[in-house]
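Have a look at model-v6.tsv below; it lists TSV, C-alpha atoms and all ligand atoms.
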```tsv
chain	number	residue	atom	x	y	z
U	1	MET	CA	22.18	11.18	-20.93
U	2	SER	CA	19.52	8.48	-21.32
U	3	LEU	CA	17.34	7.03	-18.59
U	4	PHE	CA	18.12	3.53	-17.25
U	5	PRO	CA	15.27	1.66	-18.96
U	6	VAL	CA	13.81	-0.46	-16.16
U	7	TYR	CA	10.14	0.33	-16.85
U	8	PRO	CA	8.12	-0.75	-19.91
U	9	LEU	CA	6.47	2.62	-20.57
U	10	TYR	CA	3.18	3.61	-22.13
U	11	ASP	CA	3.69	6.38	-24.67
U	12	ILE	CA	1.81	8.91	-22.52
U	13	ALA	CA	3.24	11.90	-20.62
U	14	ILE	CA	1.04	13.06	-17.73
U	15	THR	CA	1.62	16.73	-17.00
U	16	ARG	CA	-1.34	17.88	-14.89
U	17	ALA	CA	-3.84	16.41	-12.43
U	18	LEU	CA	-6.78	17.30	-10.22
U	19	GLY	CA	-8.83	14.97	-8.01
U	20	SER	CA	-9.26	11.74	-10.00
U	21	THR	CA	-8.48	13.26	-13.40
U	22	VAL	CA	-5.07	13.49	-15.03
U	23	TRP	CA	-4.17	15.21	-18.32
U	24	ASP	CA	-1.43	14.41	-20.82
U	25	ASP	CA	0.82	16.91	-22.59
U	26	LYS	CA	-1.68	17.12	-25.46
U	27	GLY	CA	-4.53	18.13	-23.14
U	28	GLN	CA	-6.28	14.72	-23.23
U	29	SER	CA	-7.94	13.88	-19.90
U	30	TYR	CA	-7.95	10.43	-18.26
U	31	LEU	CA	-9.95	9.04	-15.36
U	32	ASP	CA	-7.49	7.76	-12.75
U	33	MET	CA	-8.70	4.44	-11.32
U	34	TYR	CA	-5.09	3.53	-10.48
U	35	GLY	CA	-4.10	6.42	-8.18
U	36	GLY	CA	-0.55	6.34	-9.55
U	37	HIS	CA	-0.21	2.83	-8.05
U	38	ALA	CA	-2.31	3.35	-4.88
U	39	VAL	CA	-0.41	6.50	-3.97
U	40	ILE	CA	-3.12	9.12	-4.43
U	41	SER	CA	-5.21	9.02	-1.28
U	42	ILE	CA	-7.01	12.39	-1.00
U	43	GLY	CA	-6.98	13.27	-4.72
U	44	HIS	CA	-4.36	14.77	-7.01
U	45	THR	CA	-3.25	18.34	-6.14
U	46	HIS	CA	-5.84	18.64	-3.36
U	47	PRO	CA	-5.97	22.39	-2.49
U	48	HIS	CA	-5.40	21.88	1.25
U	49	TRP	CA	-2.40	19.63	0.55
U	50	VAL	CA	-0.96	22.12	-1.97
U	51	LYS	CA	-1.38	25.01	0.48
U	52	ARG	CA	0.13	23.08	3.42
U	53	ILE	CA	3.23	22.23	1.35
U	54	GLU	CA	3.43	25.73	-0.15
U	55	ASP	CA	3.20	27.42	3.28
U	56	GLN	CA	5.82	25.04	4.67
U	57	LEU	CA	8.19	25.78	1.77
U	58	HIS	CA	8.24	29.42	2.82
U	59	GLN	CA	9.17	28.42	6.41
U	60	ILE	CA	11.71	25.61	6.09
U	61	ALA	CA	11.86	22.56	3.81
U	62	PHE	CA	14.50	20.49	5.57
U	63	TYR	CA	16.70	20.25	8.59
U	64	SER	CA	18.42	17.14	9.89
U	65	ASN	CA	17.10	14.75	12.55
U	66	SER	CA	19.70	16.09	14.99
U	67	VAL	CA	17.18	18.71	16.20
U	68	HIS	CA	13.53	18.66	17.32
U	69	ILE	CA	11.11	18.79	14.40
U	70	PRO	CA	7.75	19.67	15.98
U	71	LEU	CA	5.92	18.69	12.79
U	72	GLN	CA	6.99	15.07	13.41
U	73	GLU	CA	5.36	15.18	16.83
U	74	GLN	CA	2.20	16.70	15.34
U	75	LEU	CA	2.15	13.96	12.72
U	76	ALA	CA	2.57	11.24	15.38
U	77	GLU	CA	-0.29	12.77	17.37
U	78	LYS	CA	-2.57	12.95	14.34
U	79	LEU	CA	-1.68	9.42	13.24
U	80	CYS	CA	-2.54	8.14	16.70
U	81	GLN	CA	-5.91	9.89	16.49
U	82	VAL	CA	-6.83	8.78	12.95
U	83	SER	CA	-5.44	5.22	13.12
U	84	GLY	CA	-6.60	4.56	16.68
U	85	LYS	CA	-3.20	2.95	17.45
U	86	LYS	CA	-2.60	4.49	20.85
U	87	ASP	CA	0.80	4.13	22.59
U	88	TYR	CA	2.55	3.17	19.33
U	89	GLN	CA	5.76	4.99	18.40
U	90	LEU	CA	6.51	6.51	15.00
U	91	PHE	CA	9.69	6.25	12.94
U	92	LEU	CA	9.67	8.17	9.66
U	93	CYS	CA	11.46	7.31	6.43
U	94	ASN	CA	10.95	7.87	2.69
U	95	SER	CA	9.42	4.85	0.95
U	96	GLY	CA	7.63	1.55	1.38
U	97	ALA	CA	10.75	-0.58	0.93
U	98	GLU	CA	12.58	1.50	3.49
U	99	ALA	CA	9.67	1.15	5.93
U	100	ASN	CA	9.75	-2.65	5.58
U	101	GLU	CA	13.55	-2.73	5.74
U	102	ASN	CA	13.42	-0.90	9.07
U	103	ALA	CA	10.54	-3.05	10.32
U	104	LEU	CA	12.46	-6.26	9.57
U	105	LYS	CA	15.67	-4.95	11.15
U	106	LEU	CA	13.74	-3.86	14.22
U	107	ALA	CA	12.13	-7.30	14.58
U	108	SER	CA	15.60	-8.81	14.53
U	109	PHE	CA	17.10	-6.25	16.94
U	110	HIS	CA	14.16	-6.73	19.32
U	111	THR	CA	14.22	-10.54	19.39
U	112	GLY	CA	17.92	-11.14	18.77
U	113	ARG	CA	16.80	-13.69	16.15
U	114	LYS	CA	17.33	-14.04	12.39
U	115	LYS	CA	14.42	-15.92	10.79
U	116	ILE	CA	11.70	-14.03	8.95
U	117	VAL	CA	8.49	-15.66	7.74
U	118	ALA	CA	7.05	-14.23	4.52
U	119	PHE	CA	4.36	-15.57	2.20
U	120	LYS	CA	3.98	-16.76	-1.38
U	121	GLY	CA	2.78	-13.94	-3.61
U	122	SER	CA	4.22	-11.24	-1.35
U	123	PHE	CA	5.78	-7.96	-2.43
U	124	HIS	CA	7.63	-5.91	0.19
U	125	GLY	CA	9.97	-3.70	-1.84
U	126	ARG	CA	13.36	-3.71	-3.52
U	127	THR	CA	15.93	-2.97	-0.80
U	128	SER	CA	18.01	-5.85	0.50
U	129	LEU	CA	15.85	-7.47	3.21
U	130	ALA	CA	12.56	-6.25	1.75
U	131	VAL	CA	13.36	-7.81	-1.61
U	132	ALA	CA	14.63	-11.00	0.03
U	133	ALA	CA	11.18	-11.24	1.68
U	134	THR	CA	9.49	-10.67	-1.69
U	135	ASP	CA	8.30	-13.75	-3.56
U	136	ASN	CA	9.82	-12.90	-6.94
U	137	PRO	CA	13.26	-14.42	-7.62
U	138	ALA	CA	13.59	-12.28	-10.78
U	139	ILE	CA	14.13	-9.13	-8.71
U	140	VAL	CA	16.38	-10.67	-6.04
U	141	ALA	CA	20.07	-10.04	-6.83
U	142	PRO	CA	22.56	-12.73	-5.81
U	143	VAL	CA	23.83	-10.48	-3.01
U	144	ASN	CA	20.28	-10.26	-1.56
U	145	GLU	CA	19.83	-14.03	-1.35
U	146	THR	CA	19.61	-15.27	2.24
U	147	ASP	CA	18.57	-18.38	4.15
U	148	ASN	CA	17.00	-16.19	6.81
U	149	ILE	CA	13.68	-15.82	4.99
U	150	ASP	CA	11.21	-18.70	4.76
U	151	PHE	CA	8.22	-18.43	2.41
U	152	LEU	CA	5.03	-20.19	3.45
U	153	PRO	CA	1.79	-20.58	1.50
U	154	PHE	CA	-0.59	-17.62	1.94
U	155	ASN	CA	-3.67	-18.30	4.11
U	156	ASP	CA	-2.50	-21.86	4.92
U	157	GLU	CA	-3.06	-22.17	8.67
U	158	ALA	CA	-1.83	-25.77	8.94
U	159	ALA	CA	1.49	-24.96	7.23
U	160	LEU	CA	2.02	-21.92	9.47
U	161	SER	CA	1.23	-23.83	12.68
U	162	ASP	CA	3.50	-26.65	11.61
U	163	TYR	CA	6.33	-24.23	10.83
U	164	PHE	CA	6.04	-22.52	14.21
U	165	ALA	CA	5.89	-25.84	16.05
U	166	LYS	CA	9.33	-26.67	14.56
U	167	ASN	CA	11.00	-23.24	14.31
U	168	GLY	CA	9.02	-20.80	16.46
U	169	ASP	CA	11.92	-20.06	18.83
U	170	GLN	CA	14.06	-18.83	15.91
U	171	VAL	CA	11.51	-16.50	14.31
U	172	ALA	CA	12.24	-12.78	14.58
U	173	GLY	CA	9.16	-11.70	12.65
U	174	VAL	CA	6.30	-12.55	10.34
U	175	ILE	CA	5.60	-10.04	7.57
U	176	ILE	CA	2.29	-10.02	5.74
U	177	GLU	CA	0.22	-7.67	3.59
U	178	GLY	CA	-3.39	-7.61	4.80
U	179	ILE	CA	-4.32	-7.61	1.12
U	180	GLN	CA	-1.58	-8.64	-1.30
U	181	GLY	CA	-1.33	-5.93	-3.95
U	182	VAL	CA	1.31	-6.84	-6.52
U	183	GLY	CA	0.34	-10.49	-5.84
U	184	GLY	CA	-3.08	-9.80	-7.40
U	185	ILE	CA	-5.39	-8.48	-4.64
U	186	ARG	CA	-5.42	-11.56	-2.44
U	187	VAL	CA	-7.08	-10.91	0.91
U	188	ALA	CA	-5.58	-12.50	4.03
U	189	THR	CA	-8.34	-14.28	5.93
U	190	ASP	CA	-9.32	-13.09	9.41
U	191	SER	CA	-8.46	-16.46	10.92
U	192	PHE	CA	-5.01	-16.48	9.26
U	193	LEU	CA	-4.12	-13.05	10.67
U	194	GLN	CA	-5.48	-14.08	14.07
U	195	LEU	CA	-3.32	-17.22	13.96
U	196	ILE	CA	-0.23	-15.14	13.14
U	197	ARG	CA	-1.03	-12.95	16.15
U	198	SER	CA	-1.33	-15.88	18.52
U	199	LEU	CA	1.77	-17.70	17.18
U	200	CYS	CA	3.82	-14.49	17.46
U	201	ASP	CA	2.57	-14.03	21.03
U	202	LYS	CA	3.52	-17.59	21.97
U	203	SER	CA	6.94	-17.54	20.33
U	204	GLY	CA	7.94	-13.93	21.01
U	205	ALA	CA	8.12	-13.10	17.29
U	206	VAL	CA	7.18	-9.68	15.91
U	207	PHE	CA	4.04	-9.37	13.75
U	208	ILE	CA	4.78	-6.94	10.90
U	209	ALA	CA	1.73	-5.68	8.98
U	210	ASP	CA	2.92	-4.42	5.59
U	211	SER	CA	0.36	-1.68	5.06
U	212	VAL	CA	2.27	0.16	2.34
U	213	GLN	CA	-0.43	-0.50	-0.26
U	214	CYS	CA	-3.44	-1.83	1.66
U	215	GLY	CA	-3.15	0.65	4.56
U	216	TYR	CA	-3.90	4.26	5.16
U	217	GLY	CA	-7.67	3.98	4.83
U	218	ARG	CA	-7.73	2.29	1.43
U	219	SER	CA	-9.49	-0.86	2.67
U	220	GLY	CA	-12.24	1.07	4.47
U	221	LYS	CA	-10.40	0.83	7.80
U	222	PHE	CA	-7.15	2.62	8.60
U	223	PHE	CA	-5.16	-0.64	8.38
U	224	SER	CA	-6.61	-3.54	6.41
U	225	HIS	CA	-5.44	-5.85	9.23
U	226	ASP	CA	-7.97	-4.01	11.46
U	227	HIS	CA	-10.80	-5.88	9.67
U	228	SER	CA	-9.57	-9.03	11.43
U	229	GLY	CA	-9.55	-7.46	14.88
U	230	VAL	CA	-5.82	-8.00	15.45
U	231	ASN	CA	-3.11	-5.52	16.33
U	232	ALA	CA	0.30	-5.95	14.72
U	233	ASP	CA	3.54	-5.05	16.49
U	234	ILE	CA	4.79	-2.98	13.56
U	235	TYR	CA	2.80	-1.38	10.72
U	236	SER	CA	4.74	-0.21	7.66
U	237	MET	CA	3.24	2.66	5.67
U	238	ALA	CA	4.07	4.72	2.58
U	239	LYS	CA	2.10	5.24	-0.68
U	240	GLY	CA	-1.10	7.02	0.48
U	241	MET	CA	0.70	8.67	3.39
U	242	GLY	CA	1.88	11.69	1.39
U	243	ASN	CA	-0.62	11.65	-1.52
U	244	GLY	CA	2.39	11.66	-3.84
U	245	PHE	CA	4.90	13.45	-1.64
U	246	PRO	CA	7.50	10.79	-0.80
U	247	ILE	CA	7.18	9.72	2.83
U	248	GLY	CA	7.05	6.37	4.63
U	249	GLY	CA	7.08	5.25	8.20
U	250	ILE	CA	6.54	2.51	10.73
U	251	LEU	CA	4.25	2.44	13.75
U	252	ILE	CA	5.95	0.50	16.53
U	253	ALA	CA	4.20	-1.11	19.51
U	254	PRO	CA	5.28	0.10	22.97
U	255	GLN	CA	7.07	-3.11	24.03
U	256	ILE	CA	9.67	-2.55	21.29
U	257	LYS	CA	12.23	-0.20	22.76
U	258	ALA	CA	14.49	2.19	20.89
U	259	SER	CA	18.15	2.85	21.47
U	260	PHE	CA	20.14	5.70	19.99
U	261	GLY	CA	21.46	4.91	16.53
U	262	MET	CA	19.39	1.73	16.12
U	263	LEU	CA	17.59	3.21	13.09
U	264	GLY	CA	18.30	6.43	11.25
U	265	THR	CA	17.80	8.44	8.08
U	266	THR	CA	18.85	11.75	6.56
U	267	PHE	CA	15.64	12.73	4.77
U	268	GLY	CA	13.02	10.78	6.73
U	269	GLY	CA	10.55	13.00	8.60
U	270	ASN	CA	11.70	16.24	6.96
U	271	HIS	CA	9.56	19.33	7.41
U	272	LEU	CA	8.03	19.30	3.94
U	273	ALA	CA	7.15	15.60	4.02
U	274	CYS	CA	5.51	16.00	7.44
U	275	ALA	CA	3.46	18.95	6.18
U	276	ALA	CA	2.24	16.85	3.24
U	277	ALA	CA	1.41	13.89	5.51
U	278	LEU	CA	-0.45	16.10	7.98
U	279	ALA	CA	-2.51	17.58	5.15
U	280	VAL	CA	-3.46	14.05	4.05
U	281	LEU	CA	-4.70	13.06	7.53
U	282	GLU	CA	-6.54	16.36	7.98
U	283	VAL	CA	-8.45	15.86	4.72
U	284	MET	CA	-9.11	12.18	5.45
U	285	GLU	CA	-10.64	13.18	8.74
U	286	SER	CA	-12.63	16.23	7.63
U	287	ASP	CA	-14.01	14.50	4.50
U	288	HIS	CA	-14.60	11.09	6.19
U	289	LEU	CA	-12.61	9.42	3.43
U	290	ILE	CA	-12.10	6.09	5.19
U	291	GLN	CA	-15.84	5.56	5.53
U	292	GLN	CA	-16.28	6.77	1.95
U	293	ALA	CA	-13.70	4.23	0.75
U	294	ALA	CA	-15.71	1.49	2.47
U	295	ASP	CA	-19.03	2.65	0.99
U	296	HIS	CA	-17.74	3.37	-2.51
U	297	GLY	CA	-15.80	0.12	-2.54
U	298	GLN	CA	-18.91	-1.86	-1.75
U	299	PHE	CA	-20.87	-0.03	-4.45
U	300	LEU	CA	-18.11	-0.69	-7.00
U	301	MET	CA	-17.72	-4.38	-6.15
U	302	GLU	CA	-21.47	-4.98	-6.42
U	303	ALA	CA	-21.61	-3.21	-9.77
U	304	LEU	CA	-18.57	-5.12	-11.09
U	305	ASP	CA	-20.29	-8.37	-10.19
U	306	ALA	CA	-22.92	-7.66	-12.83
U	307	VAL	CA	-20.40	-7.14	-15.67
U	308	PRO	CA	-20.05	-10.25	-17.88
U	309	GLY	CA	-16.55	-11.65	-18.36
U	310	LEU	CA	-15.22	-10.41	-15.01
U	311	ARG	CA	-14.58	-13.14	-12.48
U	312	ASN	CA	-13.63	-13.48	-8.85
U	313	ILE	CA	-14.20	-9.86	-7.86
U	314	ARG	CA	-12.37	-9.34	-4.59
U	315	GLY	CA	-10.80	-6.83	-2.24
U	316	LYS	CA	-11.89	-4.39	0.41
U	317	GLY	CA	-12.77	-0.71	0.17
U	318	LEU	CA	-11.03	0.87	-2.80
U	319	MET	CA	-8.49	-1.93	-3.26
U	320	ILE	CA	-10.26	-4.15	-5.74
U	321	GLY	CA	-9.16	-6.82	-8.18
U	322	PHE	CA	-10.83	-9.13	-10.66
U	323	ASP	CA	-9.79	-11.77	-13.18
U	324	THR	CA	-10.84	-11.52	-16.79
U	325	ASP	CA	-11.85	-14.11	-19.35
U	326	ASP	CA	-9.27	-14.68	-22.08
U	327	SER	CA	-11.34	-12.63	-24.53
U	328	LEU	CA	-10.72	-9.66	-22.22
U	329	LYS	CA	-6.95	-10.05	-21.84
U	330	ASP	CA	-6.45	-6.63	-23.47
U	331	LEU	CA	-9.07	-4.95	-21.27
U	332	ARG	CA	-6.56	-2.72	-19.46
U	333	LYS	CA	-5.02	-1.46	-22.71
U	334	HIS	CA	-8.46	-0.90	-24.24
U	335	LEU	CA	-9.54	1.07	-21.17
U	336	LEU	CA	-6.42	3.19	-21.36
U	337	PHE	CA	-6.17	3.92	-25.07
U	338	ASP	CA	-9.81	3.82	-26.17
U	339	LYS	CA	-11.64	4.92	-23.04
U	340	LYS	CA	-8.90	7.04	-21.41
U	341	VAL	CA	-9.02	5.27	-18.04
U	342	PHE	CA	-5.96	4.27	-16.00
U	343	THR	CA	-6.19	0.96	-14.13
U	344	GLY	CA	-3.58	-1.36	-12.63
U	345	THR	CA	-2.61	-4.91	-13.41
U	346	ALA	CA	-1.22	-8.11	-11.88
U	347	LYS	CA	-0.27	-11.40	-13.45
U	348	PRO	CA	-1.78	-13.30	-15.20
U	349	ASN	CA	-5.06	-11.57	-16.17
U	350	VAL	CA	-5.87	-9.44	-13.14
U	351	VAL	CA	-7.13	-5.86	-13.27
U	352	ARG	CA	-6.47	-3.82	-10.13
U	353	LEU	CA	-8.50	-0.77	-9.12
U	354	LEU	CA	-6.74	1.58	-6.70
U	355	PRO	CA	-8.35	5.00	-7.13
U	356	SER	CA	-8.11	7.97	-4.80
U	357	LEU	CA	-10.20	7.50	-1.65
U	358	ALA	CA	-11.88	10.78	-2.60
U	359	ILE	CA	-13.20	9.53	-5.94
U	360	SER	CA	-16.86	10.53	-6.32
U	361	LYS	CA	-19.86	8.30	-7.02
U	362	PRO	CA	-20.45	9.96	-10.45
U	363	GLU	CA	-16.82	9.23	-11.37
U	364	LEU	CA	-17.28	5.58	-10.36
U	365	GLU	CA	-20.46	5.45	-12.46
U	366	GLN	CA	-18.56	6.98	-15.38
U	367	PHE	CA	-15.89	4.29	-14.97
U	368	LEU	CA	-18.48	1.51	-14.90
U	369	GLY	CA	-20.06	2.83	-18.12
U	370	LEU	CA	-16.68	2.93	-19.88
U	371	LEU	CA	-15.78	-0.51	-18.55
U	372	VAL	CA	-18.97	-2.02	-19.96
U	373	GLU	CA	-18.26	-0.38	-23.33
U	374	SER	CA	-14.75	-1.89	-23.36
U	375	VAL	CA	-16.02	-5.33	-22.36
U	376	GLU	CA	-18.63	-5.24	-25.14
U	377	ALA	CA	-16.11	-4.04	-27.72
U	378	LEU	CA	-13.59	-6.77	-26.84
U	379	SER	CA	-15.88	-9.73	-26.24
U	380	GLY	CA	-18.76	-8.91	-28.56
U	381	VAL	CA	-21.10	-9.76	-25.67
U	382	GLN	CA	-23.76	-7.19	-24.69
U	383	ALA	CA	-23.59	-6.39	-20.98
I	1	LIG	C1	2.84	-4.03	-0.17
I	1	LIG	C2	4.01	-3.22	-0.61
I	1	LIG	N1	5.08	-3.12	0.20
I	1	LIG	C3	6.15	-2.38	-0.15
I	1	LIG	C4	6.21	-1.73	-1.37
I	1	LIG	C5	7.43	-0.93	-1.74
I	1	LIG	O1	7.16	0.43	-1.69
I	1	LIG	P1	8.13	1.48	-2.41
I	1	LIG	O2	7.97	1.27	-3.88
I	1	LIG	O3	7.64	2.81	-1.93
I	1	LIG	O4	9.51	1.19	-1.95
I	1	LIG	C6	5.12	-1.81	-2.24
I	1	LIG	C7	5.15	-1.13	-3.55
I	1	LIG	O5	4.39	-1.39	-4.45
I	1	LIG	C8	3.99	-2.58	-1.86
I	1	LIG	O6	2.94	-2.71	-2.67
```
Step by step, read the file and then write its structure as structure tokens.
Amino acid sequence: MSLFPVYPLYDIAITRALGSTVWDDKGQSYLDMYGGHAVISIGHTHPHWVKRIEDQLHQIAFYSNSVHIPLQEQLAEKLCQVSGKKDYQLFLCNSGAEANENALKLASFHTGRKKIVAFKGSFHGRTSLAVAATDNPAIVAPVNETDNIDFLPFNDEAALSDYFAKNGDQVAGVIIEGIQGVGGIRVATDSFLQLIRSLCDKSGAVFIADSVQCGYGRSGKFFSHDHSGVNADIYSMAKGMGNGFPIGGILIAPQIKASFGMLGTTFGGNHLACAAALAVLEVMESDHLIQQAADHGQFLMEALDAVPGLRNIRGKGLMIGFDTDDSLKDLRKHLLFDKKVFTGTAKPNVVRLLPSLAISKPELEQFLGLLVESVEALSGVQA
């Protein structure tokens, strides 16, 4: 049987990993500045994470959500402590799309309304509502098309105010990434997020902070929306939450009430996934990884600023993007094949850096050295 070929693949098979290094099947090592698409938060195969999962495997891997799963309560408690979001409620699922799907449904259940506001450049996942709220018609199937989602320009306060003045009483929720990831590392301004908060308060709409990529400490605060001093009503989470073990979830503000059967899942919140997620938070806390992401991110951004040919360096913490001159359009490929460094991309000529929050300063310095070599090789300009 062949695989359904939906991904354009690099001819590399990664078979082993530790920290911020991955190895292919031929034993070649690579520096991972991509974190497997922002998923690796505490470092590949972190020993505490491995042990937590291993120990749990010997106890029980899975039982259904029809019984108490104390690990879920421990995870909720730890999340409250590390995120600082007191009084929120936790619903667990398996992926980022599923987290957003549940967040959007919940906004509609809570308000009894249908309209969702999303933004140009957004990516929220590939399930039916999440993809309908994603600004990429190429991945929206005809059956997912709906008039219930309205796309507004990102960071345009006048357009948002105008929209709410006309339609505010119909809006169930506003969904926004604090930093757009797939959209090319575009940071939502503080005043834009604050305006969303106040318009949602006035109209009774639910503020959904998609934190699947920009959350979980990556920006140097637990949620990137925290930089703006606003609280959302629902935070969606996935990627960094399990450090590669599939788990997602939503944090739900206390005014949103549950009823039996409103949301549900077979696998969400299973014992193994909770053990993995607890290990992540324990390491984040003991190793001060959120502060480290802030510090290392600042160091990296300042150093990138001095590299010729890189423009518009932006982001927060260890979620960083930059545009490249045309002479550097093959920079990502050069880094991968000649310098053995994984990075991410976005259209048109954006390089995205999403390393583990535990990446060390010497590893960042190594990356910067290799980056300069690639830039010089491609552009002929001495850095
Ligand atoms: C901001 C954001 N939301 C949602 C998703 C979807 O997550 P998943 O691929 O786990 O369904 C992604 C994935 O890249 C994302 O970046």
Å distance separating atom CA of U:Pro246 from atom CA of U:Asn94, one decimal place: 5.7 Å
Please tabulate, as CSV, the residues of chain U that come within 6 Å of ligand LIG 1 (chain I), each with its closest pair of atoms and the distance in Å to one decimal, counting only C-alpha atoms and all ligand atoms and ordering rows by chain, then residue number upward.
```
residue,atom,partner,partner_atom,distance
U:Ser95,CA,I:LIG1,O3,4.0
U:Gly96,CA,I:LIG1,O1,3.3
U:Ala97,CA,I:LIG1,O4,3.6
U:Phe123,CA,I:LIG1,C2,5.4
U:His124,CA,I:LIG1,N1,3.8
U:Gly125,CA,I:LIG1,C5,3.8
U:Glu177,CA,I:LIG1,C1,5.9
U:Gly181,CA,I:LIG1,O6,5.5
U:Val182,CA,I:LIG1,O6,5.9
U:Asp210,CA,I:LIG1,C1,5.8
U:Val212,CA,I:LIG1,C2,4.8
U:Gln213,CA,I:LIG1,O6,4.7
```
Which residue is closest to U:Glu282? Choose from U:Ile42, U:Ala232, U:Leu104, U:Val22 and count all atoms listed in the file. U:Ile42
To one decimal place, how far is atom CA of U:Ala158 from atom CA of U:Cys200 in Å? 15.2 Å
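Of the listed residues (U:Leu328, U:Ala383, U:Val341, U:Met33), U:Ala383 comes nearest to U:Asp305; the distances count all atoms listed in the file.
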Please provide the set of residues having any atom within 12 Å of U:Thr265, restricted to only C-alpha atoms, with same-chain residues fewer than 5 positions apart removed, written as a ChimeraX atom specification. /U:63-66,91-95,98-99,102,247-249,270
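For the atom pair formed by atom CA of U:Ala159 and atom CA of U:Ser219, the distance is 26.9 Å, given to one decimal.
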Name the closest residue to U:Glu145 among the candidates U:Ala130, U:Ile290, U:Met1, U:Ile250; distances are taken between atoms, counting only C-alpha atoms.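 Among U:Ala130, U:Ile290, U:Met1, U:Ile250, it is U:Ala130 that comes nearest to U:Glu145.
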So which one's closest to U:Ser128, U:Asp233, U:Asp150, U:Asp55, U:Glu101? Using only C-alpha atoms, please.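 That would be U:Glu101, the residue with the smallest distance to U:Ser128.
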Go through U:Tyr216, U:Tyr34, U:Phe342, U:Phe119 one by one, measure the shortest atom-to-atom distance of each to U:Gly183 using all atoms listed in the file, and give the residue with the smallest value. U:Phe119
Out of U:Glu376, U:Asp169, U:Asp87, U:Asp32, which residue has the shortest atom-to-atom distance to U:Leu364 when counting all atoms listed in the file? U:Asp32
Could the residues of stretch 229-339 of chain U that have an atom at most 12 Å from stretch 68-86 of chain U be listed as JSON lines, each with its closest atom pair and the distance in Å to one decimal, counting all atoms listed in the file and ordered by chain and ascending residue number?
```
{"residue": "U:Val230", "atom": "CA", "partner": "U:Lys85", "partner_atom": "CA", "distance": 11.4}
{"residue": "U:Asn231", "atom": "CA", "partner": "U:Lys85", "partner_atom": "CA", "distance": 8.5}
{"residue": "U:Ala232", "atom": "CA", "partner": "U:Lys85", "partner_atom": "CA", "distance": 9.9}
{"residue": "U:Asp233", "atom": "CA", "partner": "U:Lys85", "partner_atom": "CA", "distance": 10.5}
{"residue": "U:Ile234", "atom": "CA", "partner": "U:Lys85", "partner_atom": "CA", "distance": 10.7}
{"residue": "U:Tyr235", "atom": "CA", "partner": "U:Lys85", "partner_atom": "CA", "distance": 10.0}
{"residue": "U:Met237", "atom": "CA", "partner": "U:Leu79", "partner_atom": "CA", "distance": 11.3}
{"residue": "U:Met241", "atom": "CA", "partner": "U:Leu79", "partner_atom": "CA", "distance": 10.2}
{"residue": "U:Gly242", "atom": "CA", "partner": "U:Leu75", "partner_atom": "CA", "distance": 11.6}
{"residue": "U:Ile247", "atom": "CA", "partner": "U:Gln72", "partner_atom": "CA", "distance": 11.9}
{"residue": "U:Gly249", "atom": "CA", "partner": "U:Ala76", "partner_atom": "CA", "distance": 10.4}
{"residue": "U:Ile250", "atom": "CA", "partner": "U:Ala76", "partner_atom": "CA", "distance": 10.7}
{"residue": "U:Leu251", "atom": "CA", "partner": "U:Lys85", "partner_atom": "CA", "distance": 8.3}
{"residue": "U:Ile252", "atom": "CA", "partner": "U:Lys85", "partner_atom": "CA", "distance": 9.5}
{"residue": "U:Ala253", "atom": "CA", "partner": "U:Lys85", "partner_atom": "CA", "distance": 8.7}
{"residue": "U:Pro254", "atom": "CA", "partner": "U:Lys86", "partner_atom": "CA", "distance": 9.3}
{"residue": "U:Gly268", "atom": "CA", "partner": "U:Gln72", "partner_atom": "CA", "distance": 10.0}
{"residue": "U:Gly269", "atom": "CA", "partner": "U:Gln72", "partner_atom": "CA", "distance": 6.3}
{"residue": "U:Asn270", "atom": "CA", "partner": "U:Ile69", "partner_atom": "CA", "distance": 7.9}
{"residue": "U:His271", "atom": "CA", "partner": "U:Leu71", "partner_atom": "CA", "distance": 6.5}
{"residue": "U:Leu272", "atom": "CA", "partner": "U:Leu71", "partner_atom": "CA", "distance": 9.1}
{"residue": "U:Ala273", "atom": "CA", "partner": "U:Leu71", "partner_atom": "CA", "distance": 9.4}
{"residue": "U:Cys274", "atom": "CA", "partner": "U:Leu71", "partner_atom": "CA", "distance": 6.0}
{"residue": "U:Ala275", "atom": "CA", "partner": "U:Leu71", "partner_atom": "CA", "distance": 7.1}
{"residue": "U:Ala276", "atom": "CA", "partner": "U:Leu75", "partner_atom": "CA", "distance": 9.9}
{"residue": "U:Ala277", "atom": "CA", "partner": "U:Leu75", "partner_atom": "CA", "distance": 7.2}
{"residue": "U:Leu278", "atom": "CA", "partner": "U:Leu75", "partner_atom": "CA", "distance": 5.8}
{"residue": "U:Ala279", "atom": "CA", "partner": "U:Leu75", "partner_atom": "CA", "distance": 9.6}
{"residue": "U:Val280", "atom": "CA", "partner": "U:Leu75", "partner_atom": "CA", "distance": 10.3}
{"residue": "U:Leu281", "atom": "CA", "partner": "U:Lys78", "partner_atom": "CA", "distance": 7.1}
{"residue": "U:Glu282", "atom": "CA", "partner": "U:Lys78", "partner_atom": "CA", "distance": 8.2}
{"residue": "U:Val283", "atom": "CA", "partner": "U:Val82", "partner_atom": "CA", "distance": 11.0}
{"residue": "U:Met284", "atom": "CA", "partner": "U:Val82", "partner_atom": "CA", "distance": 8.5}
{"residue": "U:Glu285", "atom": "CA", "partner": "U:Val82", "partner_atom": "CA", "distance": 7.2}
{"residue": "U:Ser286", "atom": "CA", "partner": "U:Val82", "partner_atom": "CA", "distance": 10.8}
{"residue": "U:His288", "atom": "CA", "partner": "U:Val82", "partner_atom": "CA", "distance": 10.6}
{"residue": "U:Leu289", "atom": "CA", "partner": "U:Val82", "partner_atom": "CA", "distance": 11.2}
{"residue": "U:Ile290", "atom": "CA", "partner": "U:Val82", "partner_atom": "CA", "distance": 9.8}
```
